[in-house]
Amino acid sequence: MPSDYLPEGEEKRSAVQGLFDTIAPRYDLVNRVMTLRMDVGWRKATVESLGLQPNSKVVDLACGTGDFCRQLDELGHFTLGIDLSLGMLQSARTGVPLIQGDLLRLPLAEESVDAAVCGFALRNLVDLEIFFDELARVVRPGGRIGLLDVSQPDNRLLAAGHSLYFNKAVPFIGGLLSDKNAYAYLPRSVSYLPPTETILSLLSTAGFEQVEHRQLSRGLSQLFTGERSRKRLTPKREVRSL
């Protein structure tokens, strides 16, 4: 991927899949180093936001190497992980079932899960509107979602420091420990994310209520949450099941 280029459409899908296949073997190590292990706390906050009942059925979308999967499994929930990257699934450190699949065409039946989580993948998807529609299709009425991604601090001083770290240190660390080109893409990929209000609006339109946005660690990451409407939704796409 050229340093100044951000692909779109099917080209983006293929590029993202190849990128994560490449960095999979050292993905966990680089994540822990880059975030100073703060990503562990962010995922914990995401799971807590779901308010899960015991033995809930939860799907981890863009599950990667299975961080959310392990956490949910340890809590006793029935968990399934889905990711586009076969390399990430092969490097996963979890015993829950894993499926290679496209998040825009989830291989799940209608209203088949109690909750869904997604970590640091919104900006990598080709079409957020389709993804949110799929979330609304597979999550049961009253079920919840937690969508975690990178963010930008509101405080100017923190934002300046974050920008320097994210745009300079992250590619350097990633290059030392993994793949330089892949981690040069990470800071640029933030530009794919729509404004917060747009994401909240898309979630509401898809069929989620009580949609909220939280900044975590003073804006180093962000969390979108919502509850699937209890009203019957008009089917937008054919139902797919395993």
# chains A, B, ... in the order shown; residues from 1 in each chain; ligands from 1
>>> closest_atom_pairs(of="segment 109-195 of chain A", to="segment 201-212 of chain A", cutoff="9 Å", atoms="only C-alpha atoms", output="JSON lines")
{"residue": "A:Leu128", "atom": "CA", "partner": "A:Leu202", "partner_atom": "CA", "distance": 8.0}
{"residue": "A:Glu129", "atom": "CA", "partner": "A:Leu202", "partner_atom": "CA", "distance": 6.3}
{"residue": "A:Ile130", "atom": "CA", "partner": "A:Ala206", "partner_atom": "CA", "distance": 8.7}
{"residue": "A:Phe132", "atom": "CA", "partner": "A:Ala206", "partner_atom": "CA", "distance": 5.9}
{"residue": "A:Asp133", "atom": "CA", "partner": "A:Ala206", "partner_atom": "CA", "distance": 5.1}
{"residue": "A:Glu134", "atom": "CA", "partner": "A:Ala206", "partner_atom": "CA", "distance": 8.5}
{"residue": "A:Leu135", "atom": "CA", "partner": "A:Ala206", "partner_atom": "CA", "distance": 8.3}
{"residue": "A:Ala136", "atom": "CA", "partner": "A:Gly207", "partner_atom": "CA", "distance": 5.9}
{"residue": "A:Arg137", "atom": "CA", "partner": "A:Gly207", "partner_atom": "CA", "distance": 8.8}
{"residue": "A:Arg144", "atom": "CA", "partner": "A:Phe208", "partner_atom": "CA", "distance": 8.6}
{"residue": "A:Ile145", "atom": "CA", "partner": "A:Phe208", "partner_atom": "CA", "distance": 8.9}
>>> residues_around(residues="Gln90 of chain A", least_positions_apart="6", cutoff="9 Å", atoms="only C-alpha atoms", output="ChimeraX atom specification")
/A:24-25,65
>>> write_last_selection(atoms="N, CA and C atoms", output="PDB file, in the first residue's frame")
ATOM      1  N   ALA A  24      -0.539 -10.741  11.555  1.00  0.00           N
ATOM      2  CA  ALA A  24      -1.157 -11.640  12.530  1.00  0.00           C
ATOM      3  C   ALA A  24      -0.187 -12.276  13.527  1.00  0.00           C
ATOM      4  N   PRO A  25       0.967 -12.798  13.092  1.00  0.00           N
ATOM      5  CA  PRO A  25       1.827 -13.520  14.039  1.00  0.00           C
ATOM      6  C   PRO A  25       2.282 -12.700  15.246  1.00  0.00           C
ATOM      7  N   THR A  65      -7.177 -12.074  16.885  1.00  0.00           N
ATOM      8  CA  THR A  65      -6.580 -13.225  17.565  1.00  0.00           C
ATOM      9  C   THR A  65      -7.377 -13.656  18.791  1.00  0.00           C
TER      10      THR A  65
END
>>> closest_residue(among="A:Ser178, A:Gln215, A:Thr22, A:Gln152", to="Leu193 of chain A", atoms="only C-alpha atoms")
A:Gln152
>>> select_by_dssp(residues="segment 44-237 of chain A", states="strand (DSSP E)", output="JSON, numbers by chain")
{"A": [57, 58, 59, 60, 61, 78, 79, 80, 81, 82, 83, 98, 99, 100, 113, 114, 115, 116, 117, 118, 119, 139, 140, 141, 142, 143, 144, 145, 146, 147, 148, 149, 150, 208, 209, 210, 211, 212, 213, 214, 215, 216, 221, 222, 223, 224, 225, 226, 227, 228]}
>>> closest_residue(among="A:Ile199, A:Val126, A:Met34, A:Leu216", to="Tyr165 of chain A", atoms="only C-alpha atoms")
A:Met34
>>> select_by_dssp(residues="segment 52-200 of chain A", states="alpha helix (DSSP H)", output="PyMOL selection string")
chain A and resi 67-74+86-90+128-138+156-164+170-177+180-189+196-200
>>> write_last_selection(atoms="C-alpha atoms", output="PDB file, in the first residue's frame")
ATOM      1  CA  ASP A  67      -9.008 -10.980  22.813  1.00  0.00           C
ATOM      2  CA  PHE A  68     -12.747 -10.417  23.237  1.00  0.00           C
ATOM      3  CA  CYS A  69     -13.412 -14.129  22.683  1.00  0.00           C
ATOM      4  CA  ARG A  70     -11.162 -15.151  25.554  1.00  0.00           C
ATOM      5  CA  GLN A  71     -12.652 -12.577  27.890  1.00  0.00           C
ATOM      6  CA  LEU A  72     -16.236 -13.535  27.081  1.00  0.00           C
ATOM      7  CA  ASP A  73     -15.476 -17.256  27.279  1.00  0.00           C
ATOM      8  CA  GLU A  74     -13.896 -16.824  30.717  1.00  0.00           C
ATOM      9  CA  LEU A  86      -7.527 -16.240   7.876  1.00  0.00           C
ATOM     10  CA  GLY A  87      -4.082 -15.324   9.183  1.00  0.00           C
ATOM     11  CA  MET A  88      -5.581 -13.731  12.280  1.00  0.00           C
ATOM     12  CA  LEU A  89      -7.798 -16.749  12.928  1.00  0.00           C
ATOM     13  CA  GLN A  90      -4.834 -19.089  12.562  1.00  0.00           C
ATOM     14  CA  LEU A 128     -20.646   1.013   7.753  1.00  0.00           C
ATOM     15  CA  GLU A 129     -24.318   1.340   6.828  1.00  0.00           C
ATOM     16  CA  ILE A 130     -24.439  -2.258   5.589  1.00  0.00           C
ATOM     17  CA  PHE A 131     -22.510  -3.433   8.640  1.00  0.00           C
ATOM     18  CA  PHE A 132     -24.938  -1.754  11.043  1.00  0.00           C
ATOM     19  CA  ASP A 133     -27.870  -3.266   9.145  1.00  0.00           C
ATOM     20  CA  GLU A 134     -26.274  -6.688   9.569  1.00  0.00           C
ATOM     21  CA  LEU A 135     -25.781  -6.045  13.280  1.00  0.00           C
ATOM     22  CA  ALA A 136     -29.462  -5.175  13.639  1.00  0.00           C
ATOM     23  CA  ARG A 137     -30.407  -8.325  11.729  1.00  0.00           C
ATOM     24  CA  VAL A 138     -28.457 -10.804  13.855  1.00  0.00           C
ATOM     25  CA  ARG A 156      -5.717  20.260  22.512  1.00  0.00           C
ATOM     26  CA  LEU A 157      -2.567  19.370  24.433  1.00  0.00           C
ATOM     27  CA  LEU A 158      -3.510  15.701  24.641  1.00  0.00           C
ATOM     28  CA  ALA A 159      -4.529  15.737  20.971  1.00  0.00           C
ATOM     29  CA  ALA A 160      -1.132  17.111  19.949  1.00  0.00           C
ATOM     30  CA  GLY A 161       0.714  14.458  21.930  1.00  0.00           C
ATOM     31  CA  HIS A 162      -1.577  11.726  20.674  1.00  0.00           C
ATOM     32  CA  SER A 163      -1.104  12.843  17.070  1.00  0.00           C
ATOM     33  CA  LEU A 164       2.678  12.784  17.432  1.00  0.00           C
ATOM     34  CA  VAL A 170       3.177   3.757  16.179  1.00  0.00           C
ATOM     35  CA  PRO A 171       4.580   3.172  12.642  1.00  0.00           C
ATOM     36  CA  PHE A 172       8.103   3.055  14.106  1.00  0.00           C
ATOM     37  CA  ILE A 173       7.202   0.514  16.794  1.00  0.00           C
ATOM     38  CA  GLY A 174       5.170  -1.514  14.312  1.00  0.00           C
ATOM     39  CA  GLY A 175       8.081  -1.503  11.872  1.00  0.00           C
ATOM     40  CA  LEU A 176      10.492  -2.742  14.534  1.00  0.00           C
ATOM     41  CA  LEU A 177       8.244  -5.514  15.833  1.00  0.00           C
ATOM     42  CA  LYS A 180       6.412  -1.241   8.628  1.00  0.00           C
ATOM     43  CA  ASN A 181       3.942  -0.714   5.769  1.00  0.00           C
ATOM     44  CA  ALA A 182       1.037  -2.232   7.678  1.00  0.00           C
ATOM     45  CA  TYR A 183       1.544  -0.001  10.695  1.00  0.00           C
ATOM     46  CA  ALA A 184       2.028   3.052   8.519  1.00  0.00           C
ATOM     47  CA  TYR A 185      -1.544   2.406   7.339  1.00  0.00           C
ATOM     48  CA  LEU A 186      -2.957   2.481  10.873  1.00  0.00           C
ATOM     49  CA  PRO A 187      -2.768   6.265  11.471  1.00  0.00           C
ATOM     50  CA  ARG A 188      -4.048   6.994   7.963  1.00  0.00           C
ATOM     51  CA  SER A 189      -7.013   4.644   8.367  1.00  0.00           C
ATOM     52  CA  THR A 196     -19.373  10.677  15.754  1.00  0.00           C
ATOM     53  CA  GLU A 197     -22.848  12.060  15.097  1.00  0.00           C
ATOM     54  CA  THR A 198     -22.947  10.324  11.714  1.00  0.00           C
ATOM     55  CA  ILE A 199     -22.126   6.957  13.282  1.00  0.00           C
ATOM     56  CA  LEU A 200     -24.783   7.439  15.976  1.00  0.00           C
TER      57      LEU A 200
END
>>> closest_residue(among="A:Ser229, A:Ile99, A:Ser217, A:Thr94", to="Arg37 of chain A", atoms="only C-alpha atoms")
A:Ser217
>>> closest_residue(among="A:Gly95, A:Gly81, A:Pro141, A:Gly66", to="Glu110 of chain A", atoms="only C-alpha atoms")
A:Pro141
>>> atom_distance(atom1="atom CA of Gly41 of chain A", atom2="atom CA of Ala169 of chain A")
21.3 Å
>>> closest_residue(among="A:Glu48, A:Asp39, A:Glu8, A:Asp28", to="Asp149 of chain A", atoms="only C-alpha atoms")
A:Asp39
